[in-house]
$ cat coords.txt   # compact mmCIF, C-alpha atoms
# COMPACT_ATOMS: atom_id res chain seq x y z
CA MET F 1316 0.00 0.00 0.00
CA ASP F 1317 1.42 3.42 -0.96
CA SER F 1318 1.82 6.30 1.52
CA GLU F 1319 -1.37 8.02 0.31
CA GLY F 1320 -3.42 4.86 0.89
CA ILE F 1321 -2.00 4.43 4.40
CA LYS F 1322 -2.84 8.06 5.18
CA ASN F 1323 -6.45 7.65 4.00
CA LYS F 1324 -6.84 4.45 6.04
CA ILE F 1325 -5.58 6.20 9.18
CA LEU F 1326 -8.00 9.08 8.62
CA THR F 1327 -10.90 6.66 8.18
CA VAL F 1328 -10.03 4.84 11.42
CA GLU F 1329 -9.80 8.15 13.28
CA LYS F 1330 -13.20 9.26 11.97
CA VAL F 1331 -14.83 5.98 13.06
CA ARG F 1332 -13.27 6.25 16.52
CA PHE F 1333 -14.43 9.86 16.81
CA ILE F 1334 -18.01 9.01 15.83
CA LYS F 1335 -18.10 6.14 18.35
CA VAL F 1336 -16.99 8.50 21.11
CA LEU F 1337 -19.65 11.02 20.10
CA LEU F 1338 -22.44 8.47 20.10
CA SER F 1339 -21.37 6.95 23.41
CA ILE F 1340 -21.39 10.24 25.32
CA SER F 1341 -24.21 12.04 23.50
CA PHE F 1342 -26.81 9.45 24.45
CA MET F 1343 -25.48 8.40 27.86
CA PRO F 1344 -28.29 8.63 30.43
CA ASN F 1345 -28.20 11.64 32.74
CA HIS F 1346 -28.18 9.49 35.88
CA GLN F 1347 -24.66 8.26 35.05
CA VAL F 1348 -23.27 11.75 35.71
CA SER F 1349 -22.45 12.78 39.26
CA THR F 1350 -24.08 16.07 40.20
CA SER F 1351 -22.73 16.36 43.72
CA PRO F 1352 -22.46 20.00 44.85
CA THR F 1353 -19.14 21.70 44.23
CA LYS F 1354 -17.48 24.05 46.69
CA ASN F 1355 -16.96 26.79 44.10
CA VAL F 1356 -19.96 29.01 43.40
CA HIS F 1357 -18.93 29.69 39.79
CA GLN F 1358 -18.52 26.00 39.02
CA LYS F 1359 -21.85 25.24 40.68
CA SER F 1360 -23.57 27.92 38.60
CA LEU F 1361 -22.00 26.57 35.40
CA LEU F 1362 -22.98 23.00 36.30
CA GLU F 1363 -26.61 24.06 36.80
CA ALA F 1364 -26.57 25.83 33.42
CA LEU F 1365 -25.18 22.73 31.67
CA LEU F 1366 -27.83 20.52 33.27
CA SER F 1367 -30.56 22.93 32.17
CA ILE F 1368 -29.40 23.05 28.53
CA ARG F 1369 -28.94 19.26 28.39
CA PHE F 1370 -32.46 18.76 29.75
CA LEU F 1371 -33.91 21.08 27.09
CA LEU F 1372 -31.95 19.30 24.32
CA SER F 1373 -33.13 15.87 25.46
CA HIS F 1374 -36.76 16.99 25.12
CA GLU F 1375 -36.31 18.78 21.78
CA ASN F 1376 -34.68 15.80 19.99
CA GLU F 1377 -32.70 18.26 17.91
CA ALA F 1378 -30.61 21.30 18.74
CA ARG F 1379 -32.37 24.63 18.45
CA PHE F 1380 -29.20 25.68 16.71
CA ILE F 1381 -28.84 29.07 15.01
CA ALA F 1382 -25.68 30.00 13.11
CA ALA F 1383 -25.42 33.80 13.13
CA LYS F 1384 -24.48 35.40 9.81
CA PRO F 1385 -22.84 38.72 8.87
CA THR F 1386 -26.08 40.07 7.34
CA LEU F 1387 -29.78 39.61 7.99
CA SER F 1388 -30.42 38.47 4.41
CA GLU F 1389 -27.85 35.66 4.79
CA LEU F 1390 -29.46 34.56 8.05
CA LYS F 1391 -32.94 34.44 6.52
CA GLY F 1392 -31.61 32.12 3.83
CA ARG F 1393 -30.88 29.42 6.43
CA GLN F 1394 -33.19 26.94 8.17
CA LEU F 1395 -34.28 28.61 11.43
CA PRO F 1396 -36.53 27.70 14.40
CA ASN F 1397 -40.13 28.81 13.87
CA HIS F 1398 -40.18 30.96 16.99
CA LEU F 1399 -37.13 33.04 16.06
CA ARG F 1400 -37.79 36.71 15.29
CA MET F 1401 -35.33 39.17 13.79
CA SER F 1402 -35.32 42.96 13.58
CA VAL F 1403 -33.08 45.43 11.77
CA LYS F 1404 -30.71 47.65 13.78
CA LYS F 1405 -28.23 49.61 11.72
CA ARG F 1406 -24.76 50.51 12.94
CA ASN F 1407 -24.12 54.21 13.55
CA GLY F 1408 -20.46 54.63 14.39
CA PRO F 1409 -17.18 53.80 12.63
CA ARG F 1410 -15.20 50.60 13.02
CA ILE F 1411 -12.07 51.17 15.12
CA ARG F 1412 -9.29 48.60 14.86
CA VAL F 1413 -7.88 47.34 18.15
CA ARG F 1414 -4.11 47.19 18.23
CA SER F 1415 -2.60 44.00 19.60
CA SER F 1416 0.03 44.02 22.33
CA ARG F 1417 3.33 42.25 21.67
CA SER F 1418 3.92 41.85 25.39
CA SER F 1419 0.72 39.88 25.98
CA ARG F 1420 1.10 36.11 26.31
CA VAL F 1421 -2.64 35.61 25.84
CA PRO F 1422 -3.98 35.79 22.25
CA GLN F 1423 -6.05 38.84 21.41
CA MET F 1424 -9.81 38.22 21.43
CA VAL F 1425 -11.03 41.52 19.96
CA ARG F 1426 -9.96 42.70 16.52
CA ALA F 1427 -12.10 45.84 16.25
CA ARG F 1428 -14.80 47.88 18.03
CA TRP F 1429 -17.80 50.01 17.19
CA PRO F 1430 -17.87 52.06 20.44
CA SER F 1431 -21.07 54.00 19.70
CA ASP F 1432 -22.90 50.75 18.84
CA HIS F 1433 -21.43 48.67 21.70
CA LEU F 1434 -20.17 46.08 19.20
CA ILE F 1435 -16.89 44.18 18.91
CA GLU F 1436 -15.33 41.95 16.27
CA ASN F 1437 -14.05 38.75 17.90
CA THR F 1438 -11.06 36.75 16.68
CA LEU F 1439 -12.46 33.48 18.09
CA PRO F 1440 -15.70 31.63 17.33
CA SER F 1441 -18.11 31.13 20.23
CA ILE F 1442 -21.40 29.53 21.23
CA ALA F 1443 -24.09 31.20 23.35
CA CYS F 1444 -26.76 29.07 25.06
CA VAL F 1445 -29.82 30.89 26.40
CA VAL F 1446 -30.20 29.24 29.82
CA ARG F 1447 -33.01 31.37 31.26
CA GLY F 1448 -35.36 34.03 29.98
CA ALA F 1449 -35.57 35.57 26.52
CA ALA F 1450 -32.52 37.38 25.12
CA ASP F 1451 -32.16 39.90 22.30
CA LEU F 1452 -28.75 39.30 20.75
CA ARG F 1453 -27.18 41.98 18.54
CA ILE F 1454 -25.23 40.80 15.53
CA ALA F 1455 -23.91 43.32 12.99
CA ASP F 1456 -26.97 45.13 11.56
CA TYR F 1457 -29.73 43.10 13.17
CA VAL F 1458 -31.06 41.66 16.43
CA MET F 1459 -32.10 38.04 17.06
CA HIS F 1460 -34.90 37.65 19.61
CA CYS F 1461 -34.06 34.29 21.21
CA GLN F 1462 -35.80 32.10 23.79
CA THR F 1463 -34.66 29.70 26.50
CA GLY F 1464 -33.00 26.68 24.92
CA ASP F 1465 -31.71 28.46 21.81
CA ILE F 1466 -28.05 27.82 20.95
CA ILE F 1467 -26.34 30.47 18.82
CA PHE F 1468 -23.06 29.91 16.98
CA TYR F 1469 -20.86 32.95 16.25
CA ALA F 1470 -18.14 32.46 13.65
CA ALA F 1471 -14.89 34.39 14.10
CA GLY F 1472 -15.03 37.90 12.66
CA LEU F 1473 -18.71 38.65 13.36
CA ALA F 1474 -19.69 41.98 14.91
CA THR F 1475 -21.40 41.12 18.20
CA GLY F 1476 -22.38 42.84 21.46
CA ASP F 1477 -19.42 43.92 23.61
CA GLY F 1478 -21.05 42.97 26.92
CA SER F 1479 -21.45 46.56 28.09
CA GLN F 1480 -25.24 46.43 27.92
CA SER F 1481 -27.97 44.01 28.94
CA HIS F 1482 -29.23 41.55 26.32
CA PHE F 1483 -32.52 43.39 25.80
CA ASP F 1484 -33.60 45.45 22.82
CA GLY F 1485 -36.22 48.06 23.73
CA ASP F 1486 -37.80 48.40 27.17
CA PRO F 1487 -35.94 46.10 29.63
CA ALA F 1488 -38.34 46.66 32.54
CA GLY F 1489 -39.06 43.44 34.41
CA ARG F 1490 -36.84 41.34 32.14
CA ARG F 1491 -33.95 39.05 33.04
CA CYS F 1492 -31.94 36.35 31.28
CA SER F 1493 -28.79 34.25 31.64
CA LEU F 1494 -26.48 33.01 28.87
CA LEU F 1495 -23.78 30.35 28.87
CA TRP F 1496 -20.82 31.21 26.61
CA ILE F 1497 -18.42 28.57 25.26
CA PHE F 1498 -15.32 29.27 23.14
CA PRO F 1499 -11.88 27.76 22.33
CA GLY F 1500 -9.11 28.01 24.91
CA ARG F 1501 -7.00 31.12 24.51
CA ILE F 1502 -3.80 29.54 25.81
CA ASN F 1503 -2.20 27.21 23.26
CA GLY F 1504 -5.69 26.56 21.82
CA GLU F 1505 -6.21 23.79 24.35
CA GLY F 1506 -9.66 22.70 25.53
CA LEU F 1507 -12.51 25.16 25.94
CA GLU F 1508 -13.43 28.10 28.16
CA CYS F 1509 -16.84 28.99 29.57
CA TYR F 1510 -18.56 31.67 31.56
CA ILE F 1511 -22.11 32.78 32.35
CA CYS F 1512 -23.48 36.30 31.98
CA HIS F 1513 -26.65 37.71 33.51
CA SER F 1514 -28.92 40.55 32.40
CA GLN F 1515 -31.51 42.05 34.73
CA GLU F 1516 -33.32 45.06 33.28
CA GLN F 1517 -30.51 47.55 32.48
CA ASN F 1518 -27.78 45.80 34.47
CA HIS F 1519 -25.37 43.29 32.97
CA SER F 1520 -22.69 41.21 34.70
CA SER F 1521 -20.60 38.12 34.03
CA GLU F 1522 -19.05 35.41 36.16
CA ALA F 1523 -15.43 34.24 36.17
CA HIS F 1524 -14.07 32.42 33.12
CA LEU F 1525 -13.34 28.73 33.67
CA ARG F 1526 -10.88 26.65 31.62
CA PHE F 1527 -11.17 22.97 30.68
CA ARG F 1528 -7.93 21.43 29.41
CA ASN F 1529 -9.48 18.56 27.50
CA ARG F 1530 -8.31 17.98 23.93
CA LEU F 1531 -11.50 16.19 22.93
CA LEU F 1532 -13.52 19.30 23.84
CA ALA F 1533 -11.43 21.35 21.40
CA GLU F 1534 -11.95 18.74 18.66
CA LEU F 1535 -15.71 18.68 19.23
CA PHE F 1536 -15.91 22.47 19.02
CA GLN F 1537 -13.89 22.46 15.81
CA GLY F 1538 -16.34 19.88 14.49
CA ILE F 1539 -19.21 22.34 15.03
CA CYS F 1540 -17.27 25.06 13.18
CA GLU F 1541 -16.89 22.71 10.20
CA GLU F 1542 -20.37 21.14 10.26
CA GLU F 1543 -22.34 24.38 10.48
CA GLN F 1544 -21.08 25.37 7.04
CA LYS F 1545 -22.71 22.30 5.47
CA PRO F 1546 -26.34 22.39 4.21
CA ASN F 1547 -27.67 19.47 6.30
CA HIS F 1548 -25.89 20.03 9.57
CA ARG F 1549 -28.68 19.87 12.17
CA GLU F 1550 -28.27 16.23 13.26
CA SER F 1551 -24.46 16.28 13.39
CA VAL F 1552 -24.44 19.59 15.28
CA PHE F 1553 -26.98 18.19 17.77
CA HIS F 1554 -24.64 15.30 18.62
CA LEU F 1555 -21.58 17.56 18.81
CA ILE F 1556 -23.28 20.02 21.16
CA SER F 1557 -24.65 17.20 23.32
CA ALA F 1558 -21.17 15.73 23.59
CA ILE F 1559 -19.61 19.07 24.57
CA LEU F 1560 -22.21 19.72 27.26
CA PHE F 1561 -21.76 16.22 28.68
CA LEU F 1562 -17.96 16.48 28.79
CA LEU F 1563 -18.05 19.94 30.39
CA GLN F 1564 -20.39 18.58 33.04
CA ARG F 1565 -18.10 15.62 33.67
CA GLU F 1566 -15.01 17.84 33.87
CA ILE F 1567 -16.65 19.98 36.58
CA THR F 1568 -17.78 17.03 38.68
CA SER F 1569 -14.30 15.52 38.31
CA GLY F 1570 -12.69 18.72 39.60
CA ASN F 1571 -10.90 19.53 36.34
CA ALA F 1572 -12.22 23.07 35.88
CA VAL F 1573 -9.77 25.88 36.69
CA TYR F 1574 -9.95 29.65 36.59
CA ALA F 1575 -8.76 31.29 33.39
CA PRO F 1576 -5.83 33.62 34.18
CA TYR F 1577 -7.83 36.69 33.15
CA ASN F 1578 -11.27 38.15 33.85
CA VAL F 1579 -11.26 36.53 37.31
CA HIS F 1580 -14.05 37.95 39.50
CA LEU F 1581 -14.37 40.97 37.25
CA ALA F 1582 -17.32 42.45 35.39
CA ASP F 1583 -16.72 42.02 31.69
CA SER F 1584 -17.85 45.46 30.69
CA ARG F 1585 -18.00 49.08 31.57
CA GLN F 1586 -21.07 49.83 33.66
CA PRO F 1587 -23.77 52.39 32.81
CA GLY F 1588 -23.26 55.67 34.63
CA GLN F 1589 -19.46 55.38 34.96
CA ASP F 1590 -17.52 58.57 34.28
CA LEU F 1591 -14.50 58.55 31.96
CA ILE F 1592 -11.91 57.77 34.64
CA GLN F 1593 -14.06 54.94 36.03
CA GLN F 1594 -14.32 53.58 32.48
CA ALA F 1595 -10.53 53.82 32.18
CA CYS F 1596 -10.09 51.85 35.43
CA THR F 1597 -12.51 49.20 34.17
CA TYR F 1598 -10.59 48.99 30.91
CA VAL F 1599 -7.29 48.59 32.78
CA ASP F 1600 -8.73 45.85 35.01
CA ARG F 1601 -9.90 43.92 31.94
CA HIS F 1602 -6.58 44.20 30.06
CA LEU F 1603 -3.92 43.62 32.70
CA ASP F 1604 -2.17 41.13 30.42
CA SER F 1605 -1.66 43.84 27.80
CA ASN F 1606 0.93 46.61 27.40
CA LEU F 1607 -1.11 49.37 29.04
CA THR F 1608 0.03 52.91 28.30
CA ILE F 1609 -1.36 56.34 29.11
CA SER F 1610 -1.89 57.13 25.44
CA SER F 1611 -3.76 53.89 24.64
CA VAL F 1612 -6.12 54.10 27.64
CA ALA F 1613 -6.66 57.83 27.15
CA ARG F 1614 -7.62 57.15 23.55
CA HIS F 1615 -10.09 54.49 24.74
CA VAL F 1616 -11.98 57.09 26.85
CA CYS F 1617 -11.55 59.88 24.27
CA LEU F 1618 -9.25 62.15 26.33
CA SER F 1619 -5.87 63.65 25.50
CA PRO F 1620 -2.94 62.05 27.39
CA SER F 1621 -2.24 65.25 29.37
CA VAL F 1622 -5.87 65.75 30.46
CA PHE F 1623 -6.21 62.04 31.20
CA THR F 1624 -3.06 62.00 33.39
CA LYS F 1625 -4.21 65.00 35.42
CA ARG F 1626 -7.78 63.75 35.90
CA PHE F 1627 -6.66 60.22 36.73
CA LYS F 1628 -4.43 61.46 39.56
CA GLN F 1629 -7.16 63.77 40.88
CA GLU F 1630 -9.92 61.14 40.92
CA THR F 1631 -7.99 58.03 42.01
CA GLY F 1632 -5.24 59.53 44.16
CA GLN F 1633 -2.71 57.46 42.22
CA THR F 1634 -0.67 57.89 39.09
CA PHE F 1635 -1.66 55.72 36.13
CA ASN F 1636 1.38 53.46 36.58
CA GLN F 1637 0.73 53.08 40.32
CA TYR F 1638 -2.86 52.03 39.62
CA CYS F 1639 -1.80 49.50 36.98
CA THR F 1640 0.77 47.92 39.28
CA ALA F 1641 -1.66 47.76 42.22
CA SER F 1642 -4.36 46.18 40.02
CA ARG F 1643 -1.93 43.63 38.63
CA MET F 1644 -0.76 42.64 42.10
CA LYS F 1645 -4.36 42.36 43.31
CA ARG F 1646 -5.23 40.07 40.37
CA ALA F 1647 -2.07 38.03 40.95
CA ALA F 1648 -3.03 37.58 44.61
CA ILE F 1649 -6.45 36.22 43.58
CA LEU F 1650 -4.86 33.78 41.13
CA LEU F 1651 -2.31 32.58 43.69
CA ARG F 1652 -5.02 31.97 46.29
CA GLU F 1653 -7.73 30.46 44.11
CA THR F 1654 -6.02 28.66 41.21
CA GLU F 1655 -3.29 26.09 40.67
CA LEU F 1656 -1.69 27.98 37.79
CA ARG F 1657 2.10 28.05 37.74
CA ILE F 1658 3.69 31.26 39.00
CA ILE F 1659 5.20 31.99 35.58
CA GLU F 1660 1.71 31.70 34.01
CA ILE F 1661 0.28 34.09 36.59
CA SER F 1662 3.04 36.64 36.05
CA ARG F 1663 2.45 36.64 32.30
CA SER F 1664 -1.33 36.82 32.64
CA VAL F 1665 -1.07 40.06 34.66
CA GLY F 1666 1.49 41.68 32.35
CA PHE F 1667 4.73 41.03 34.28
CA THR F 1668 7.88 39.15 33.46
CA ASP F 1669 8.76 36.46 35.99
CA CYS F 1670 11.60 38.63 37.39
CA GLN F 1671 9.36 41.73 37.70
CA PHE F 1672 6.70 39.72 39.51
CA ARG F 1673 9.13 38.34 42.07
CA LEU F 1674 10.64 41.77 42.79
CA LEU F 1675 7.22 43.40 43.18
CA ALA F 1676 5.99 40.52 45.36
CA ARG F 1677 8.82 41.17 47.83
CA LYS F 1678 8.06 44.90 47.75
CA HIS F 1679 4.26 44.60 48.20
CA TRP F 1680 3.93 41.39 50.23
CA GLY F 1681 7.36 41.01 51.80
CA CYS F 1682 7.75 37.50 50.38
CA THR F 1683 8.05 35.55 47.13
CA PRO F 1684 4.92 34.57 45.16
CA GLY F 1685 5.40 30.94 46.23
CA GLU F 1686 5.58 31.92 49.90
CA PHE F 1687 2.47 34.10 49.48
CA ARG F 1688 0.55 31.14 48.03
CA THR F 1689 1.63 28.87 50.89
CA LYS F 1690 0.62 31.39 53.56
CA ASN F 1691 -2.80 32.08 52.03
CA ASN F 1692 -3.76 28.47 51.32
$ encode --input "coords.txt" --output "structure tokens"
Amino acid sequence: MDSEGIKNKILTVEKVRFIKVLLSISFMPNHQVSTSPTKNVHQKSLLEALLSIRFLLSHENEARFIAAKPTLSELKGRQLPNHLRMSVKKRNGPRIRVRSSRSSRVPQMVRARWPSDHLIENTLPSIACVVRGAADLRIADYVMHCQTGDIIFYAAGLATGDGSQSHFDGDPAGRRCSLLWIFPGRINGEGLECYICHSQEQNHSSEAHLRFRNRLLAELFQGICEEEQKPNHRESVFHLISAILFLLQREITSGNAVYAPYNVHLADSRQPGQDLIQQACTYVDRHLDSNLTISSVARHVCLSPSVFTKRFKQETGQTFNQYCTASRMKRAAILLRETELRIIEISRSVGFTDCQFRLLARKHWGCTPGEFRTKNN
């Protein structure tokens, strides 16, 4: 057999093995999964969301799967659930490209922003599952009005909501919803990451990001990215989603979920009513792994560097660099106490080199990072 024939045979064997794994975990009865309570509130919340979505899928017999498209006309050309409504919402502001930071060890997630429209262009694909309530999800020039149980796939490069506003279009009075977000791991592309966001009337918040270092999860997610482009994808996508939800549930109950080294215990957006310096502080807290400079943050809040520097000192009582260092050390302390990440990973995730982190740890805490972790555990 020539080399090409051997290669094709190997690929065929791998596909068969992959399908067998899918079928075995997609249709495994729910009672085989341990649902014992976990000590961590974020993991418990995620586990409850996974159970809810799996229950809805098991009663629908097919995924209420919606693949978002760049335009409303493209979306209408696809097979959609009967209940789904769409409405037009044009963009008003310009697209502003987000510059990447060479110092960041974590891949950039946002390629561009539309600040006046509260939209961002993501570099990674993602899946949103509506766990509770009805959500209005903004995509490019339209809004999808989704219901509990809907699963929305966002391809990389779509313009989507930036998380700064609640998921309601129009009057939000009396409304609330929760969404489960799933996307590829940002570190080395391994496994998946998840978090839950909540909207209650005008308020929006998100929980900590959790990482799952499971290679099969990454392969299943990639399978969805490939299958959704095919005309008859509903059955295959149903099995892929079912498998992902099952594995995520199993990883949590097995204690394999860990905090992502960013966005830990932090709101994922600027809050309504914040002034410009508060918005700048929120931006800093969300981008500690990046090369933060006065000019870049001042540009984000539409102030000149000189005015921004003066106002920042007046309102916070600290210089910009002092605030950045304090925020990075605070985040590092959380990661040392509540995760098992290596110290070098923590230092990089908060924007320090390993040497810088150790020097600052001695200055701020009077001990090394390792000693700090031992004392606080």
$ closest_residue --input "coords.txt" --among "F:Val1356, F:Val1552, F:Leu1362, F:Val1599" --to "F:Glu1566" --atoms "only C-alpha atoms"
F:Leu1362
$ atom_distance --input "coords.txt" --atom1 "atom CA of F:Ala1470" --atom2 "atom CA of F:Gln1394"
16.9 Å
$ atom_distance --input "coords.txt" --atom1 "atom CA of F:Leu1495" --atom2 "atom CA of F:Ile1511"
4.6 Å
$ residues_around --input "coords.txt" --residues "stretch 1396-1409 of chain F" --least-positions-apart "5" --cutoff "12 Å" --atoms "only C-alpha atoms" --output "PDB file with C-alpha atoms, keeping the file's coordinate frame"
ATOM      1  CA  GLU F1375     -36.310  18.780  21.780  1.00  0.00           C
ATOM      2  CA  GLU F1377     -32.700  18.260  17.910  1.00  0.00           C
ATOM      3  CA  ALA F1378     -30.610  21.300  18.740  1.00  0.00           C
ATOM      4  CA  ARG F1379     -32.370  24.630  18.450  1.00  0.00           C
ATOM      5  CA  PHE F1380     -29.200  25.680  16.710  1.00  0.00           C
ATOM      6  CA  ILE F1381     -28.840  29.070  15.010  1.00  0.00           C
ATOM      7  CA  ALA F1382     -25.680  30.000  13.110  1.00  0.00           C
ATOM      8  CA  ALA F1383     -25.420  33.800  13.130  1.00  0.00           C
ATOM      9  CA  THR F1386     -26.080  40.070   7.340  1.00  0.00           C
ATOM     10  CA  LEU F1387     -29.780  39.610   7.990  1.00  0.00           C
ATOM     11  CA  SER F1388     -30.420  38.470   4.410  1.00  0.00           C
ATOM     12  CA  LEU F1390     -29.460  34.560   8.050  1.00  0.00           C
ATOM     13  CA  LYS F1391     -32.940  34.440   6.520  1.00  0.00           C
ATOM     14  CA  ALA F1427     -12.100  45.840  16.250  1.00  0.00           C
ATOM     15  CA  ARG F1428     -14.800  47.880  18.030  1.00  0.00           C
ATOM     16  CA  TRP F1429     -17.800  50.010  17.190  1.00  0.00           C
ATOM     17  CA  PRO F1430     -17.870  52.060  20.440  1.00  0.00           C
ATOM     18  CA  SER F1431     -21.070  54.000  19.700  1.00  0.00           C
ATOM     19  CA  ASP F1432     -22.900  50.750  18.840  1.00  0.00           C
ATOM     20  CA  HIS F1433     -21.430  48.670  21.700  1.00  0.00           C
ATOM     21  CA  LEU F1434     -20.170  46.080  19.200  1.00  0.00           C
ATOM     22  CA  ILE F1435     -16.890  44.180  18.910  1.00  0.00           C
ATOM     23  CA  ALA F1449     -35.570  35.570  26.520  1.00  0.00           C
ATOM     24  CA  ALA F1450     -32.520  37.380  25.120  1.00  0.00           C
ATOM     25  CA  ASP F1451     -32.160  39.900  22.300  1.00  0.00           C
ATOM     26  CA  LEU F1452     -28.750  39.300  20.750  1.00  0.00           C
ATOM     27  CA  ARG F1453     -27.180  41.980  18.540  1.00  0.00           C
ATOM     28  CA  ILE F1454     -25.230  40.800  15.530  1.00  0.00           C
ATOM     29  CA  ALA F1455     -23.910  43.320  12.990  1.00  0.00           C
ATOM     30  CA  ASP F1456     -26.970  45.130  11.560  1.00  0.00           C
ATOM     31  CA  TYR F1457     -29.730  43.100  13.170  1.00  0.00           C
ATOM     32  CA  VAL F1458     -31.060  41.660  16.430  1.00  0.00           C
ATOM     33  CA  MET F1459     -32.100  38.040  17.060  1.00  0.00           C
ATOM     34  CA  HIS F1460     -34.900  37.650  19.610  1.00  0.00           C
ATOM     35  CA  CYS F1461     -34.060  34.290  21.210  1.00  0.00           C
ATOM     36  CA  GLN F1462     -35.800  32.100  23.790  1.00  0.00           C
ATOM     37  CA  THR F1463     -34.660  29.700  26.500  1.00  0.00           C
ATOM     38  CA  GLY F1464     -33.000  26.680  24.920  1.00  0.00           C
ATOM     39  CA  ASP F1465     -31.710  28.460  21.810  1.00  0.00           C
ATOM     40  CA  ILE F1466     -28.050  27.820  20.950  1.00  0.00           C
ATOM     41  CA  ILE F1467     -26.340  30.470  18.820  1.00  0.00           C
ATOM     42  CA  ALA F1474     -19.690  41.980  14.910  1.00  0.00           C
ATOM     43  CA  THR F1475     -21.400  41.120  18.200  1.00  0.00           C
ATOM     44  CA  GLY F1476     -22.380  42.840  21.460  1.00  0.00           C
ATOM     45  CA  ASP F1484     -33.600  45.450  22.820  1.00  0.00           C
ATOM     46  CA  GLY F1485     -36.220  48.060  23.730  1.00  0.00           C
ATOM     47  CA  ARG F1549     -28.680  19.870  12.170  1.00  0.00           C
TER      48      ARG F1549
END
$ atom_distance --input "coords.txt" --atom1 "atom CA of F:Leu1473" --atom2 "atom CA of F:Ile1442"
12.3 Å
$ closest_residue --input "coords.txt" --among "F:Phe1553, F:Phe1667, F:Phe1527, F:Tyr1638" --to "F:Ala1572" --atoms "only C-alpha atoms"
F:Phe1527
$ residues_around --input "coords.txt" --residues "F:Phe1498" --least-positions-apart "3" --cutoff "12 Å" --atoms "all atoms listed in the file" --output "PDB file with C-alpha atoms, in the coordinates of the input"
ATOM      1  CA  MET F1424      -9.810  38.220  21.430  1.00  0.00           C
ATOM      2  CA  ASN F1437     -14.050  38.750  17.900  1.00  0.00           C
ATOM      3  CA  THR F1438     -11.060  36.750  16.680  1.00  0.00           C
ATOM      4  CA  LEU F1439     -12.460  33.480  18.090  1.00  0.00           C
ATOM      5  CA  PRO F1440     -15.700  31.630  17.330  1.00  0.00           C
ATOM      6  CA  SER F1441     -18.110  31.130  20.230  1.00  0.00           C
ATOM      7  CA  ILE F1442     -21.400  29.530  21.230  1.00  0.00           C
ATOM      8  CA  ALA F1443     -24.090  31.200  23.350  1.00  0.00           C
ATOM      9  CA  CYS F1444     -26.760  29.070  25.060  1.00  0.00           C
ATOM     10  CA  ILE F1467     -26.340  30.470  18.820  1.00  0.00           C
ATOM     11  CA  PHE F1468     -23.060  29.910  16.980  1.00  0.00           C
ATOM     12  CA  TYR F1469     -20.860  32.950  16.250  1.00  0.00           C
ATOM     13  CA  ALA F1470     -18.140  32.460  13.650  1.00  0.00           C
ATOM     14  CA  ALA F1471     -14.890  34.390  14.100  1.00  0.00           C
ATOM     15  CA  LEU F1495     -23.780  30.350  28.870  1.00  0.00           C
ATOM     16  CA  ARG F1501      -7.000  31.120  24.510  1.00  0.00           C
ATOM     17  CA  ILE F1502      -3.800  29.540  25.810  1.00  0.00           C
ATOM     18  CA  GLY F1504      -5.690  26.560  21.820  1.00  0.00           C
ATOM     19  CA  GLU F1505      -6.210  23.790  24.350  1.00  0.00           C
ATOM     20  CA  GLY F1506      -9.660  22.700  25.530  1.00  0.00           C
ATOM     21  CA  LEU F1507     -12.510  25.160  25.940  1.00  0.00           C
ATOM     22  CA  GLU F1508     -13.430  28.100  28.160  1.00  0.00           C
ATOM     23  CA  CYS F1509     -16.840  28.990  29.570  1.00  0.00           C
ATOM     24  CA  TYR F1510     -18.560  31.670  31.560  1.00  0.00           C
ATOM     25  CA  ILE F1511     -22.110  32.780  32.350  1.00  0.00           C
ATOM     26  CA  HIS F1524     -14.070  32.420  33.120  1.00  0.00           C
ATOM     27  CA  LEU F1525     -13.340  28.730  33.670  1.00  0.00           C
ATOM     28  CA  ARG F1526     -10.880  26.650  31.620  1.00  0.00           C
ATOM     29  CA  PHE F1527     -11.170  22.970  30.680  1.00  0.00           C
ATOM     30  CA  LEU F1532     -13.520  19.300  23.840  1.00  0.00           C
ATOM     31  CA  ALA F1533     -11.430  21.350  21.400  1.00  0.00           C
ATOM     32  CA  GLU F1534     -11.950  18.740  18.660  1.00  0.00           C
ATOM     33  CA  LEU F1535     -15.710  18.680  19.230  1.00  0.00           C
ATOM     34  CA  PHE F1536     -15.910  22.470  19.020  1.00  0.00           C
ATOM     35  CA  GLN F1537     -13.890  22.460  15.810  1.00  0.00           C
ATOM     36  CA  ILE F1539     -19.210  22.340  15.030  1.00  0.00           C
ATOM     37  CA  CYS F1540     -17.270  25.060  13.180  1.00  0.00           C
ATOM     38  CA  ILE F1559     -19.610  19.070  24.570  1.00  0.00           C
TER      39      ILE F1559
END
$ closest_residue --input "coords.txt" --among "F:Ser1619, F:Thr1624, F:Gln1564, F:Gln1633" --to "F:Ile1368" --atoms "only C-alpha atoms"
F:Gln1564
$ closest_residue --input "coords.txt" --among "F:Asp1604, F:Glu1630, F:Glu1550, F:Glu1389" --to "F:Glu1660" --atoms "only C-alpha atoms"
F:Asp1604
$ decode --input "coords.txt" --residues "stretch 1605-1616 of chain F" --atoms "C-alpha atoms" --output "compact mmCIF listing (two decimals), in the first residue's frame"
# COMPACT_ATOMS: atom_id res chain seq x y z
CA SER F 1605 -1.66 43.84 27.80
CA ASN F 1606 0.93 46.61 27.40
CA LEU F 1607 -1.11 49.37 29.04
CA THR F 1608 0.03 52.91 28.30
CA ILE F 1609 -1.36 56.34 29.11
CA SER F 1610 -1.89 57.13 25.44
CA SER F 1611 -3.76 53.89 24.64
CA VAL F 1612 -6.12 54.10 27.64
CA ALA F 1613 -6.66 57.83 27.15
CA ARG F 1614 -7.62 57.15 23.55
CA HIS F 1615 -10.09 54.49 24.74
CA VAL F 1616 -11.98 57.09 26.85
